[in-house]
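Q: Have a peek at target.txt (compact mmCIF, C-alpha atoms and all ligand atoms).
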```
# COMPACT_ATOMS: atom_id res chain seq x y z
CA MET A 15 124.67 5.34 134.35
CA ASN A 16 123.38 1.97 135.63
CA GLU A 17 125.65 -1.00 135.13
CA ASN A 18 125.51 -4.80 135.32
CA ASN A 19 128.24 -6.99 136.79
CA TRP A 20 128.59 -10.17 134.74
CA LEU A 21 130.51 -13.04 136.29
CA TYR A 22 131.95 -15.22 133.58
CA ILE A 23 133.85 -18.50 133.74
CA GLU A 24 136.56 -19.49 131.28
CA PRO A 25 135.67 -22.39 128.94
CA PHE A 26 138.57 -24.46 130.29
CA VAL A 27 136.99 -24.45 133.75
CA TYR A 28 135.00 -27.57 134.57
CA ILE A 29 131.81 -27.10 136.61
CA CYS A 30 130.07 -29.84 138.54
CA VAL A 31 127.12 -29.65 140.90
CA ASN A 32 125.55 -32.43 142.93
CA THR A 33 123.12 -32.47 145.83
CA GLN A 34 125.86 -31.80 148.39
CA LYS A 35 128.53 -29.69 146.70
CA ALA A 36 129.37 -27.54 143.71
CA LEU A 37 132.81 -27.13 142.22
CA LEU A 38 134.80 -25.09 139.74
CA TYR A 39 138.00 -26.75 138.55
CA ASN A 40 140.59 -24.97 136.43
CA THR A 41 141.89 -27.68 134.09
CA LEU A 42 144.99 -25.67 133.22
CA ASN A 43 146.37 -25.11 136.70
CA GLY A 44 144.50 -27.73 138.77
CA LYS A 45 142.98 -25.14 141.13
CA LEU A 46 139.66 -26.04 142.71
CA ILE A 47 136.86 -24.03 144.31
CA GLU A 48 134.35 -26.12 146.23
CA CYS A 49 131.14 -24.88 147.85
CA LEU A 50 128.68 -26.67 150.09
CA ARG A 51 124.97 -26.84 149.44
CA GLY A 52 123.11 -24.12 151.32
CA THR A 53 125.66 -21.40 150.59
CA LYS A 54 125.14 -18.48 148.19
CA THR A 55 128.16 -19.55 146.19
CA TYR A 56 126.69 -23.05 145.69
CA LEU A 57 123.71 -21.37 144.04
CA LEU A 58 125.94 -19.16 141.88
CA ILE A 59 127.87 -22.19 140.59
CA LYS A 60 124.58 -23.95 139.94
CA GLN A 61 123.44 -20.98 137.83
CA LEU A 62 126.76 -20.92 135.97
CA ASN A 63 126.27 -24.59 135.19
CA ASP A 64 122.82 -24.01 133.72
CA ASP A 65 123.16 -24.48 129.93
CA LYS A 66 120.99 -21.47 129.16
CA ASN A 67 123.39 -19.13 131.00
CA LEU A 68 126.38 -20.02 128.78
CA LEU A 69 128.90 -19.69 131.65
CA VAL A 70 127.88 -16.07 132.42
CA ILE A 71 125.58 -14.83 135.19
CA LYS A 72 124.58 -11.44 136.56
CA LEU A 73 125.84 -10.71 140.09
CA PRO A 74 123.79 -8.69 142.60
CA SER A 75 124.51 -4.96 142.09
CA ASN A 76 126.14 -4.57 145.51
CA TYR A 77 127.96 -7.92 145.45
CA GLN A 78 131.20 -6.29 146.69
CA LYS A 79 129.50 -5.70 150.04
CA ASN A 80 128.64 -9.34 150.48
CA LYS A 81 131.64 -11.07 152.06
CA GLU A 82 130.76 -14.53 150.77
CA ILE A 83 130.22 -13.47 147.14
CA SER A 84 133.13 -11.03 146.98
CA GLY A 85 135.43 -13.70 148.50
CA PHE A 86 134.18 -16.14 145.86
CA VAL A 87 134.90 -13.65 143.04
CA LYS A 88 138.34 -13.01 144.53
CA ASN A 89 139.10 -16.74 144.44
CA ILE A 90 137.82 -17.02 140.88
CA ARG A 91 140.20 -14.24 139.83
CA GLU A 92 143.16 -15.56 141.80
CA PHE A 93 142.71 -19.07 140.37
CA TYR A 94 142.32 -17.70 136.81
CA CYS A 95 138.89 -19.32 136.56
CA GLY A 96 137.10 -16.22 135.29
CA ASP A 97 136.37 -12.58 136.07
CA VAL A 98 133.67 -9.92 136.37
CA LEU A 99 132.78 -7.69 133.45
CA THR A 100 131.01 -4.45 134.31
CA LEU A 101 128.89 -3.32 131.35
CA PRO A 102 126.22 -0.65 130.84
CA GLU A 103 122.78 -1.91 131.75
CA ASN A 104 121.60 -1.79 128.13
CA ALA A 105 124.60 -3.80 126.80
CA THR A 106 123.93 -7.34 125.52
CA LYS A 107 124.66 -10.16 127.91
CA PRO A 108 128.11 -11.67 127.20
CA PHE A 109 128.43 -15.44 126.71
CA GLN A 110 131.06 -18.18 126.52
CA LEU A 111 130.95 -21.24 124.29
CA LYS A 112 130.85 -24.56 126.11
CA PRO A 113 132.90 -27.31 124.41
CA ILE A 114 130.76 -30.02 122.79
CA PHE A 115 132.02 -33.54 122.34
CA ASN A 116 131.17 -35.11 118.97
CA ILE A 117 130.16 -38.45 120.36
CA GLN A 118 127.06 -36.92 121.96
CA HIS A 119 125.89 -36.07 118.46
CA ASP A 120 126.77 -39.53 117.08
CA LEU A 121 124.92 -41.30 119.88
CA LYS A 122 121.84 -39.19 119.32
CA ILE A 123 121.77 -40.08 115.62
CA MET A 124 122.26 -43.75 116.41
CA LYS A 125 119.48 -43.81 118.99
CA GLU A 126 117.11 -42.19 116.52
CA SER A 127 117.81 -44.67 113.74
CA GLU A 128 117.65 -48.43 113.62
CA SER A 129 119.76 -48.67 110.50
CA VAL A 130 123.25 -50.10 110.74
CA SER A 131 124.16 -47.92 107.75
CA VAL A 132 123.98 -44.94 110.09
CA GLY A 133 127.08 -46.41 111.58
CA THR A 134 129.17 -45.90 108.46
CA LYS A 135 131.28 -43.60 110.58
CA ILE A 136 131.45 -46.25 113.26
CA MET A 137 134.57 -47.86 111.80
CA GLN A 138 136.33 -44.54 112.23
CA LYS A 139 135.65 -44.82 115.97
CA LEU A 140 137.78 -47.95 116.23
CA THR A 141 141.10 -47.17 117.84
CA SER A 142 142.51 -50.56 118.78
CA ILE A 143 142.10 -54.18 117.71
CA THR A 144 143.62 -57.04 119.65
CA ILE A 145 143.57 -60.58 118.33
CA GLN A 146 144.36 -63.61 120.41
CA ILE A 147 145.67 -66.03 117.82
CA ASN A 148 145.87 -68.98 120.22
CA SER A 149 145.70 -69.86 123.88
CA ILE A 150 148.28 -72.62 123.96
CA CYS A 151 151.33 -72.35 126.22
CA ASP A 152 153.71 -74.88 127.77
CA LEU A 153 154.81 -72.66 130.63
CA THR A 154 153.46 -73.03 134.10
CA CYS A 155 154.78 -69.69 135.16
CA CYS A 156 151.67 -67.88 136.20
CA ASP A 157 148.16 -67.46 137.27
CA CYS A 158 147.32 -66.81 133.65
CA CYS A 159 143.55 -66.98 133.55
CA ASN A 160 143.38 -64.20 136.09
CA TYR A 161 145.67 -61.93 134.11
CA ASN A 162 143.19 -61.88 131.40
CA ARG A 163 140.55 -60.03 133.42
CA GLN A 164 142.96 -57.23 134.15
CA PHE A 165 145.10 -56.81 131.10
CA LEU A 166 144.48 -59.31 128.37
CA PHE A 167 147.65 -60.74 127.01
CA CYS A 168 148.46 -64.26 128.20
CA THR A 169 145.76 -66.84 128.62
CA LYS A 170 146.48 -70.52 128.66
CA LYS A 171 143.28 -72.44 128.29
CA THR A 172 142.82 -75.02 125.60
CA SER A 173 144.36 -75.83 122.27
CA GLU A 174 142.11 -73.19 120.73
CA GLU A 175 143.35 -71.24 117.68
CA LEU A 176 141.84 -68.38 115.76
CA HIS A 177 141.41 -69.75 112.25
CA LEU A 178 143.58 -68.09 109.62
CA LYS A 179 140.54 -67.34 107.47
CA LEU A 180 139.03 -65.40 110.38
CA ILE A 181 142.27 -63.46 110.83
CA LYS A 182 142.09 -62.54 107.13
CA LYS A 183 138.49 -61.48 107.60
CA ILE A 184 139.45 -59.23 110.53
CA LEU A 185 142.24 -57.59 108.55
CA ASP A 186 139.90 -57.08 105.57
CA ASN A 187 137.29 -55.59 107.90
CA LEU A 188 139.80 -52.98 109.04
CA GLY A 189 139.56 -51.40 105.60
CA GLY A 190 137.01 -48.77 106.63
CA SER A 191 138.86 -47.81 109.79
CA TYR A 192 141.89 -45.67 110.59
CA ILE A 193 143.60 -48.64 112.25
CA LYS A 194 147.02 -49.38 110.87
CA ALA A 195 148.32 -51.44 113.79
CA ILE A 196 147.00 -54.40 115.75
CA ASN A 197 147.97 -56.16 118.96
CA VAL A 198 148.69 -59.88 118.75
CA ILE A 199 148.42 -61.96 121.90
CA GLY A 200 148.44 -65.68 122.89
CA GLY A 201 149.17 -68.21 124.84
CA ASN A 202 152.47 -68.64 123.19
CA VAL A 203 151.96 -66.98 119.80
CA PHE A 204 154.82 -69.04 118.33
CA LYS A 205 152.77 -72.18 118.87
CA TYR A 206 150.22 -70.94 116.35
CA SER A 207 150.12 -73.75 113.81
CA LYS A 208 150.31 -71.42 110.78
CA PHE A 209 152.63 -68.82 112.25
CA ASP A 210 154.62 -68.21 109.04
CA GLU A 211 151.47 -67.80 106.96
CA PHE A 212 150.09 -65.43 109.57
CA ILE A 213 153.23 -63.29 109.37
CA ASN A 214 152.99 -63.21 105.58
CA ILE A 215 149.37 -62.11 105.72
CA LEU A 216 150.33 -59.26 108.04
CA LYS A 217 153.12 -58.19 105.70
CA VAL A 218 150.83 -58.21 102.65
CA SER A 219 148.14 -56.24 104.50
CA ASN A 220 150.63 -53.53 105.49
CA ILE A 221 149.44 -53.85 109.06
CA VAL A 222 151.85 -53.01 111.84
CA ALA A 223 151.69 -55.62 114.59
CA SER A 224 152.68 -55.47 118.24
CA PHE A 225 153.23 -58.93 119.68
CA PHE A 226 152.87 -59.66 123.38
CA ILE A 227 155.18 -62.54 124.30
CA HIS A 228 156.39 -63.92 127.61
CA TYR A 229 160.20 -63.72 127.83
CA GLN A 230 160.52 -67.45 128.47
CA ASN A 231 158.56 -68.23 125.32
CA ILE A 232 160.92 -65.98 123.36
CA ILE A 233 163.94 -68.09 124.20
CA LYS A 234 162.02 -71.37 123.93
CA CYS A 235 160.94 -70.58 120.38
CA ASP A 236 163.99 -68.67 119.15
CA LYS A 237 163.76 -70.06 115.63
CA PHE A 238 160.71 -67.85 115.01
CA ILE A 239 162.32 -64.61 116.14
CA ASN A 240 163.91 -63.94 112.80
CA SER A 241 160.48 -63.70 111.16
CA LEU A 242 159.67 -60.74 113.40
CA SER A 243 162.69 -58.71 112.30
CA ASN A 244 160.75 -56.36 110.15
CA ASN A 245 160.12 -52.67 110.85
CA GLU A 246 156.42 -53.39 110.90
CA PHE A 247 156.63 -55.57 113.99
CA SER A 248 157.44 -54.91 117.61
CA VAL A 249 157.55 -57.12 120.66
CA ASN A 250 156.19 -56.38 124.13
CA ILE A 251 158.14 -58.68 126.42
CA LEU A 252 155.98 -59.86 129.30
CA VAL A 253 157.86 -60.33 132.53
CA ASN A 254 156.28 -61.60 135.71
CA PHE A 255 157.68 -62.61 139.09
CA PRO A 256 159.73 -64.54 140.01
CA ILE A 257 162.04 -63.33 137.22
CA ASP A 258 164.71 -65.62 135.79
CA ILE A 259 167.23 -62.86 135.03
CA ASP A 260 169.48 -65.00 132.83
CA LYS A 261 166.54 -66.00 130.64
CA LEU A 262 165.34 -62.41 130.46
CA LYS A 263 168.80 -61.27 129.37
CA SER A 264 168.89 -64.00 126.70
CA ALA A 265 165.49 -62.89 125.39
CA LYS A 266 166.77 -59.28 125.26
CA HIS A 267 169.88 -60.24 123.30
CA LEU A 268 167.94 -62.39 120.91
CA LEU A 269 165.52 -59.61 120.04
CA GLU A 270 168.20 -56.93 119.90
CA ASN A 271 170.39 -59.03 117.63
CA ASN A 272 167.46 -59.30 115.25
CA ASN A 273 166.84 -55.52 115.37
CA ILE A 274 163.37 -55.91 116.78
CA ASN A 275 161.72 -52.99 118.57
CA ILE A 276 161.18 -54.02 122.16
CA LYS A 277 159.10 -52.79 125.07
CA TYR A 278 159.16 -54.48 128.47
CA ILE A 279 156.01 -54.98 130.51
CA PHE A 280 156.79 -55.86 134.12
CA ILE A 281 153.85 -57.31 136.01
CA VAL A 282 154.25 -56.19 139.61
CA GLU A 283 152.31 -57.31 142.66
CA SER A 284 154.05 -55.48 145.50
CA GLU A 285 156.33 -52.59 146.38
CA LYS A 286 159.16 -55.10 146.67
CA ASN A 287 158.56 -56.09 143.03
CA CYS A 288 158.72 -52.42 141.99
CA ILE A 289 162.06 -51.89 143.74
CA PHE A 290 163.43 -55.07 142.16
CA VAL A 291 162.39 -53.87 138.70
CA GLU A 292 163.91 -50.46 139.32
CA ASN A 293 167.29 -52.09 140.00
CA LEU A 294 166.93 -54.52 137.13
CA ILE A 295 166.23 -51.84 134.51
CA ASN A 296 169.41 -50.06 135.62
CA GLU A 297 171.42 -53.24 135.52
CA MET A 298 170.08 -54.26 132.11
CA LYS A 299 170.22 -50.72 130.73
CA ILE A 300 166.55 -50.76 129.82
CA GLU A 301 165.92 -47.07 129.67
CA ASN A 302 162.57 -45.65 128.62
CA ASN A 303 161.00 -48.63 126.98
CA PHE A 304 159.30 -50.29 129.90
CA THR A 305 156.00 -50.20 131.78
CA LEU A 306 155.13 -51.41 135.25
CA LEU A 307 151.76 -53.07 135.30
CA PRO A 308 150.27 -53.67 138.75
CA PHE A 309 148.46 -56.98 139.05
CA TYR A 310 145.77 -57.56 141.67
CA ASN A 311 146.28 -61.09 142.99
CA GLU A 312 143.50 -60.93 145.63
CA LYS A 313 146.07 -60.64 148.43
CA ASN A 314 147.67 -57.30 147.66
CA LEU A 315 144.88 -54.79 148.21
CA SER A 316 147.12 -52.74 150.49
CA PHE A 317 149.66 -52.33 147.64
CA PHE A 318 146.86 -50.87 145.52
CA CYS A 319 145.55 -48.68 148.37
CA ASP A 320 148.99 -47.25 149.13
CA ASN A 321 150.34 -46.83 145.61
CA ILE A 322 147.63 -46.90 143.03
CA PHE A 323 144.32 -45.63 144.38
CA PRO A 324 144.27 -41.85 144.02
CA GLU A 325 143.94 -39.33 146.81
CA ARG A 326 141.96 -36.16 146.19
CA ASN A 327 145.16 -34.25 145.36
CA ASP A 328 146.27 -36.87 142.85
CA ILE A 329 142.99 -36.41 140.99
CA LEU A 330 143.34 -32.62 140.95
CA ASP A 331 147.05 -32.68 140.07
CA ALA A 332 146.37 -34.87 137.04
CA LYS A 333 144.86 -31.80 135.31
CA PRO A 334 142.82 -33.67 132.73
CA GLU A 335 142.02 -31.56 129.68
CA ILE A 336 138.51 -30.13 129.59
CA SER A 337 137.77 -32.14 126.41
CA ASN A 338 138.74 -35.33 128.28
CA ILE A 339 136.47 -34.44 131.18
CA TYR A 340 133.56 -33.90 128.79
CA ALA A 341 134.45 -37.14 127.02
CA ARG A 342 134.35 -39.03 130.34
CA GLN A 343 130.74 -37.97 130.79
CA VAL A 344 129.70 -40.10 127.83
CA ILE A 345 132.45 -42.64 127.16
CA ASN A 346 134.91 -44.82 128.96
CA SER A 347 138.33 -43.74 127.70
CA ASN A 348 139.90 -47.09 128.67
CA TYR A 349 137.54 -49.12 126.48
CA TYR A 350 136.20 -46.73 123.88
CA GLY A 351 137.05 -47.75 120.32
CA LYS A 352 138.65 -51.04 121.34
CA LEU A 353 137.65 -54.54 120.30
CA MET A 354 139.27 -57.87 121.16
CA ILE A 355 138.86 -61.07 119.24
CA MET A 356 139.72 -64.13 121.25
CA SER A 357 141.05 -67.45 119.95
CA SER A 358 137.49 -68.85 120.04
CA GLY A 359 136.44 -66.06 117.66
CA ASP A 360 134.38 -64.38 120.38
CA VAL A 361 134.43 -60.60 120.17
CA PHE A 362 134.53 -58.40 123.26
CA ALA A 363 134.72 -54.70 123.96
CA ASN A 364 135.90 -55.65 127.46
CA LEU A 365 136.56 -59.16 128.71
CA ASN A 366 134.74 -58.46 131.93
CA GLU A 367 131.48 -57.89 130.11
CA LYS A 368 129.35 -60.13 127.89
CA LYS A 369 130.72 -61.03 124.46
CA LEU A 370 129.32 -59.10 121.50
CA GLY A 371 129.20 -62.17 119.26
CA ASN A 372 131.56 -64.30 117.21
CA ILE A 373 133.66 -63.04 114.32
CA ASN A 374 132.55 -66.10 112.37
CA SER A 375 129.06 -64.66 112.11
CA GLY A 376 129.56 -60.91 111.98
CA THR A 377 131.85 -58.10 110.94
CA LEU A 378 133.89 -55.67 113.01
CA HIS A 379 131.54 -52.96 111.76
CA GLU A 380 128.52 -54.80 113.16
CA PHE A 381 130.20 -55.45 116.52
CA ALA A 382 131.39 -51.87 116.85
CA TYR A 383 127.89 -50.66 116.01
CA LYS A 384 126.35 -53.05 118.54
CA GLU A 385 128.71 -51.90 121.27
CA MET A 386 128.19 -48.23 120.51
CA LYS A 387 124.44 -48.55 120.46
CA SER A 388 123.69 -50.94 123.28
CA GLY A 389 126.93 -52.23 124.75
CA ASN A 390 128.13 -51.88 128.27
CA SER A 391 131.81 -51.01 127.89
CA TRP A 392 132.54 -48.12 125.54
CA ARG A 393 129.98 -46.04 127.40
CA LYS A 394 130.59 -47.32 130.93
CA THR A 395 131.09 -44.11 132.87
CA ARG A 396 131.20 -43.41 136.57
CA LYS A 397 127.69 -42.03 136.45
CA ASN A 398 126.50 -45.64 135.83
CA VAL A 399 128.02 -47.11 139.01
CA LYS A 400 127.72 -46.72 142.75
CA PRO A 401 129.08 -44.93 144.74
CA CYS A 402 130.86 -42.89 142.05
CA ASN A 403 127.57 -41.61 140.67
CA GLN A 404 127.19 -39.60 143.90
CA CYS A 405 130.73 -38.25 143.86
CA ILE A 406 131.53 -34.69 142.84
CA TYR A 407 134.83 -35.83 141.27
CA LYS A 408 133.24 -38.50 139.06
CA TYR A 409 134.41 -36.97 135.78
CA LEU A 410 137.75 -35.75 137.10
CA CYS A 411 138.50 -39.32 138.09
CA PRO A 412 139.98 -41.57 135.36
CA SER A 413 137.51 -43.85 133.56
CA ILE A 414 136.65 -47.24 135.06
CA SER A 415 139.29 -49.84 134.27
CA ASN A 416 139.61 -53.61 134.58
CA TYR A 417 141.02 -53.20 138.09
CA GLU A 418 137.62 -52.15 139.35
CA TYR A 419 136.13 -55.36 137.95
CA ALA A 420 138.94 -57.51 139.38
CA ILE A 421 138.79 -55.92 142.83
CA GLY A 422 135.02 -55.84 142.84
CA LYS A 423 134.33 -52.20 143.63
CA PHE A 424 134.27 -49.02 141.61
CA ASN A 425 135.53 -46.49 144.13
CA LEU A 426 139.20 -47.46 143.97
CA CYS A 427 140.12 -44.24 145.69
CA ASN A 428 140.85 -43.02 149.15
CA ILE A 429 137.97 -40.53 148.96
CA ILE A 430 134.60 -42.24 149.45
S1 LIG A 501 153.26 -67.29 129.56
FE1 LIG A 501 151.18 -66.49 129.52
S2 LIG A 501 149.93 -68.14 128.72
FE2 LIG A 501 151.90 -69.02 129.33
S3 LIG A 501 151.54 -69.80 131.40
FE3 LIG A 501 152.39 -67.69 131.59
S4 LIG A 501 150.57 -66.31 131.63
FE4 LIG A 501 149.88 -68.32 130.93
S1 LIG A 502 134.17 -42.29 144.52
FE1 LIG A 502 134.52 -42.91 142.40
S2 LIG A 502 134.42 -41.01 141.25
FE2 LIG A 502 134.73 -40.44 143.38
S3 LIG A 502 136.92 -40.20 143.58
FE3 LIG A 502 136.39 -42.29 144.20
S4 LIG A 502 136.66 -43.52 142.33
FE4 LIG A 502 136.57 -41.36 141.71
```
Spit out the file's structure as structure tokens when you get a sec.
Ligand code: SF4
Ligand code: SF4
A:
Amino acid sequence: MNENNWLYIEPFVYICVNTQKALLYNTLNGKLIECLRGTKTYLLIKQLNDDKNLLVIKLPSNYQKNKEISGFVKNIREFYCGDVLTLPENATKPFQLKPIFNIQHDLKIMKESESVSVGTKIMQKLTSITIQINSICDLTCCDCCNYNRQFLFCTKKTSEELHLKLIKKILDNLGGSYIKAINVIGGNVFKYSKFDEFINILKVSNIVASFFIHYQNIIKCDKFINSLSNNEFSVNILVNFPIDIDKLKSAKHLLENNNINIKYIFIVESEKNCIFVENLINEMKIENNFTLLPFYNEKNLSFFCDNIFPERNDILDAKPEISNIYARQVINSNYYGKLMIMSSGDVFANLNEKKLGNINSGTLHEFAYKEMKSGNSWRKTRKNVKPCNQCIYKYLCPSISNYEYAIGKFNLCNII
């Protein structure tokens, strides 16, 4: 009886083909098969990637005799990427279901309709809201305006404050979303002229708030700490170099004595900083509740090259889930669902891009809709930028972040 050999690929295997290479990547074990253009196996991967083939293709009847194809099948089996099914010639072609990411469907509907009402579901896309209640700060500790391009929190600029009525509006706007927690940043948030009223509004709205406060501002404004001792609030202590250890310890005690949940964010600019922090967290018995945040200060590119930019193996070892890889083809996972409202009222999806408008003259719903439909952040993927758009790893690589904007290039890798 005549038979067909069907090569099938598991749905958790990611396939990518460009003009130079084709790859199969097993997202469960991180194994990779790469083939160069011009080879038979490049063409087989290209066929597997064709939507109409549903991850299954027919192999030549004598494929076992072809060294290149049989070696390819052997690798596919060894790497648990798929297998060959031998079925009678008259049997129906098998198929696999490719995962589909919902946002593709949402974007299609939005593109086809001009009505904002189509975006009723848009509020459910919001995942994070950050409000900068003021930008006042007496410290002279840091290069604050630059921080802002990389990771938000502190910005000392003017005596600007986000009006309390606008804060109320933002909290009311959250009604249609799943958001139950917001980030609160400053300047020095304690210098907000109506700080107590702000805290009361948060309590009444049942909104959990994470404050981002520099450790020196915590001890300078200790009389306010008590108002944060509520289960609904937590404090991210910002620590930059040079660190005044005594002041940091005082800030720790103050917050701990008031039973406030704390997380430490250490802003590091060199390997030396990292080693210092490692010793400090041991000394201060800060166990799991800390993050190291590398800061690009325009002089430490080599620190980023050596420690932060990924090598090819780092990308493969990260084993992103297949759903995340599909998501990265249409959205930027660092920005998607996030909005920031600055003390001026200006609303951004990403501070490195143009503002979406001002909260005074729009709602969160309208800004989220605008960003989803025509913005440049939530959907900023590596296929939109050079040279990543030419790279075979473009969706295995993490989404573009603020570091790329700060450093001024998108291939923050040691690959291209
Ligand atoms: S604490 Fe923040 S706002 Fe104040 S000077 Fe330092 S970076 Fe700027
Ligand atoms: S060129 Fe871009 S997509 Fe490719 S590995 Fe580097 S950063 Fe990632």
Q: For stretch 34-44 of chain A, please output as an MDAnalysis selection string all residues within 12 Å (counting only C-alpha atoms; exclusion window: fewer than 3 positions along the same chain).
A: chainID A and resid 22:31 47:63 69 86:87 89:96 326:340 404:410
Q: Could you tell me, as a list in words, which residues have any atom at most 8 Å from (144.2, -57.2, 117.7), counting all atoms listed in the file?
A: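 Applying the cut-off with all atoms listed in the file, one gets Ser142, Ile143, Thr144, Ile145, Gln146, Ile196, Asn197, Val198, Ile199, Leu353, Met354 and Ile355 of chain A.
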Q: Which residues are near ligand LIG 502 (chain A) in this structure, taking near to mean any atom at most 10 Å from a ligand atom and counting all atoms listed in the file? Format them as a JSON list (two decimals) with C-alpha atoms, keeping the file's coordinate frame.
A:
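File written: pocket-v1.json
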```json
[["chain", "number", "residue", "atom", "x", "y", "z"],
["A", 323, "PHE", "CA", 144.32, -45.63, 144.38],
["A", 324, "PRO", "CA", 144.27, -41.85, 144.02],
["A", 325, "GLU", "CA", 143.94, -39.33, 146.81],
["A", 326, "ARG", "CA", 141.96, -36.16, 146.19],
["A", 328, "ASP", "CA", 146.27, -36.87, 142.85],
["A", 329, "ILE", "CA", 142.99, -36.41, 140.99],
["A", 395, "THR", "CA", 131.09, -44.11, 132.87],
["A", 396, "ARG", "CA", 131.20, -43.41, 136.57],
["A", 397, "LYS", "CA", 127.69, -42.03, 136.45],
["A", 399, "VAL", "CA", 128.02, -47.11, 139.01],
["A", 400, "LYS", "CA", 127.72, -46.72, 142.75],
["A", 401, "PRO", "CA", 129.08, -44.93, 144.74],
["A", 402, "CYS", "CA", 130.86, -42.89, 142.05],
["A", 403, "ASN", "CA", 127.57, -41.61, 140.67],
["A", 404, "GLN", "CA", 127.19, -39.60, 143.90],
["A", 405, "CYS", "CA", 130.73, -38.25, 143.86],
["A", 406, "ILE", "CA", 131.53, -34.69, 142.84],
["A", 407, "TYR", "CA", 134.83, -35.83, 141.27],
["A", 408, "LYS", "CA", 133.24, -38.50, 139.06],
["A", 409, "TYR", "CA", 134.41, -36.97, 135.78],
["A", 410, "LEU", "CA", 137.75, -35.75, 137.10],
["A", 411, "CYS", "CA", 138.50, -39.32, 138.09],
["A", 412, "PRO", "CA", 139.98, -41.57, 135.36],
["A", 413, "SER", "CA", 137.51, -43.85, 133.56],
["A", 414, "ILE", "CA", 136.65, -47.24, 135.06],
["A", 418, "GLU", "CA", 137.62, -52.15, 139.35],
["A", 423, "LYS", "CA", 134.33, -52.20, 143.63],
["A", 424, "PHE", "CA", 134.27, -49.02, 141.61],
["A", 425, "ASN", "CA", 135.53, -46.49, 144.13],
["A", 426, "LEU", "CA", 139.20, -47.46, 143.97],
["A", 427, "CYS", "CA", 140.12, -44.24, 145.69],
["A", 428, "ASN", "CA", 140.85, -43.02, 149.15],
["A", 429, "ILE", "CA", 137.97, -40.53, 148.96],
["A", 430, "ILE", "CA", 134.60, -42.24, 149.45]]
```
Q: Calculate how many Å separate atom CA of A:Lys194 from atom CA of A:Leu140, rounding to one decimal.
A: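 We find that atom CA of A:Lys194 and atom CA of A:Leu140 lie 10.8 Å from each other.
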Q: Rank A:Lys384, A:Lys234, A:Lys286, A:Lys208 by their smallest atom-to-atom distance to ligand LIG 501 (chain A), using all atoms listed in the file, and report the top residue only.
A: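 Smallest separation from ligand LIG 501 (chain A) among the options: A:Lys234.
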Q: Using all atoms listed in the file, which of A:Val344, A:Leu252, A:Ile184, A:Val70 sits nearest ligand LIG 501 (chain A)?
A: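 Among the listed residues, the smallest separation from ligand LIG 501 (chain A) belongs to A:Leu252.
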Q: How many Å lie between atom CA of A:Val218 and atom CA of A:Asp186, rounded to one decimal?
A: 11.4 Å
Q: Please determine, counting all atoms listed in the file, which residue among A:Asn390, A:Ser284, A:Ser347, A:Thr33 has the shortest atom-to-atom distance to A:Asn321.
A: A:Ser284
Q: Residues within 9 Å of A:Lys261, please, as a list in words. Count all atoms listed in the file; anything in the same chain fewer than 6 positions from it doesn't count.
A: Tyr229, Gln230 and Ile233 of chain A
Q: Of the candidates A:Asn202, A:Asn364, A:Ser415, A:Ser391, which shows the shortest atom-to-atom distance to ligand LIG 501 (chain A), using all atoms listed in the file?
A: A:Asn202
Q: For the point (134.4, -5.5, 131.0) in file coordinates, what residues are within 12 Å, counting all atoms listed in the file? Give the answer as a list in words?
A: Glu17, Asn18, Asn19, Trp20, Leu21, Tyr22, Gly96, Asp97, Val98, Leu99, Thr100, Leu101, Pro102, Ala105, Thr106, Lys107 and Pro108 of chain A
Q: Just want the 10 Å neighbourhood of A:Tyr192, counted on only C-alpha atoms, with same-chain residues fewer than 4 positions away dropped. Output as JSON, numbers by chain.
A: {"A": [137, 138, 139, 140, 141, 142, 188]}
Q: Can you patch up stretch 218-225 of chain A, filling it in to N, CA and C atoms, and show the result as a PDB file, in the coordinates of the input?
A:
```
ATOM      1  N   VAL A 218     151.574 -58.592 103.861  1.00  0.00           N
ATOM      2  CA  VAL A 218     150.830 -58.210 102.650  1.00  0.00           C
ATOM      3  C   VAL A 218     149.796 -57.134 102.978  1.00  0.00           C
ATOM      4  N   SER A 219     149.196 -57.221 104.158  1.00  0.00           N
ATOM      5  CA  SER A 219     148.140 -56.240 104.500  1.00  0.00           C
ATOM      6  C   SER A 219     148.706 -54.883 104.926  1.00  0.00           C
ATOM      7  N   ASN A 220     150.031 -54.796 105.022  1.00  0.00           N
ATOM      8  CA  ASN A 220     150.630 -53.530 105.490  1.00  0.00           C
ATOM      9  C   ASN A 220     150.146 -53.144 106.873  1.00  0.00           C
ATOM     10  N   ILE A 221     149.897 -54.127 107.690  1.00  0.00           N
ATOM     11  CA  ILE A 221     149.440 -53.850 109.060  1.00  0.00           C
ATOM     12  C   ILE A 221     150.639 -53.985 109.998  1.00  0.00           C
ATOM     13  N   VAL A 222     150.792 -52.976 110.826  1.00  0.00           N
ATOM     14  CA  VAL A 222     151.850 -53.010 111.840  1.00  0.00           C
ATOM     15  C   VAL A 222     151.333 -53.864 113.003  1.00  0.00           C
ATOM     16  N   ALA A 223     152.174 -54.758 113.506  1.00  0.00           N
ATOM     17  CA  ALA A 223     151.690 -55.620 114.590  1.00  0.00           C
ATOM     18  C   ALA A 223     152.596 -55.535 115.808  1.00  0.00           C
ATOM     19  N   SER A 224     151.956 -55.432 116.967  1.00  0.00           N
ATOM     20  CA  SER A 224     152.680 -55.470 118.240  1.00  0.00           C
ATOM     21  C   SER A 224     152.392 -56.818 118.883  1.00  0.00           C
ATOM     22  N   PHE A 225     153.414 -57.613 119.061  1.00  0.00           N
ATOM     23  CA  PHE A 225     153.230 -58.930 119.680  1.00  0.00           C
ATOM     24  C   PHE A 225     153.459 -58.830 121.184  1.00  0.00           C
TER      25      PHE A 225
END
```
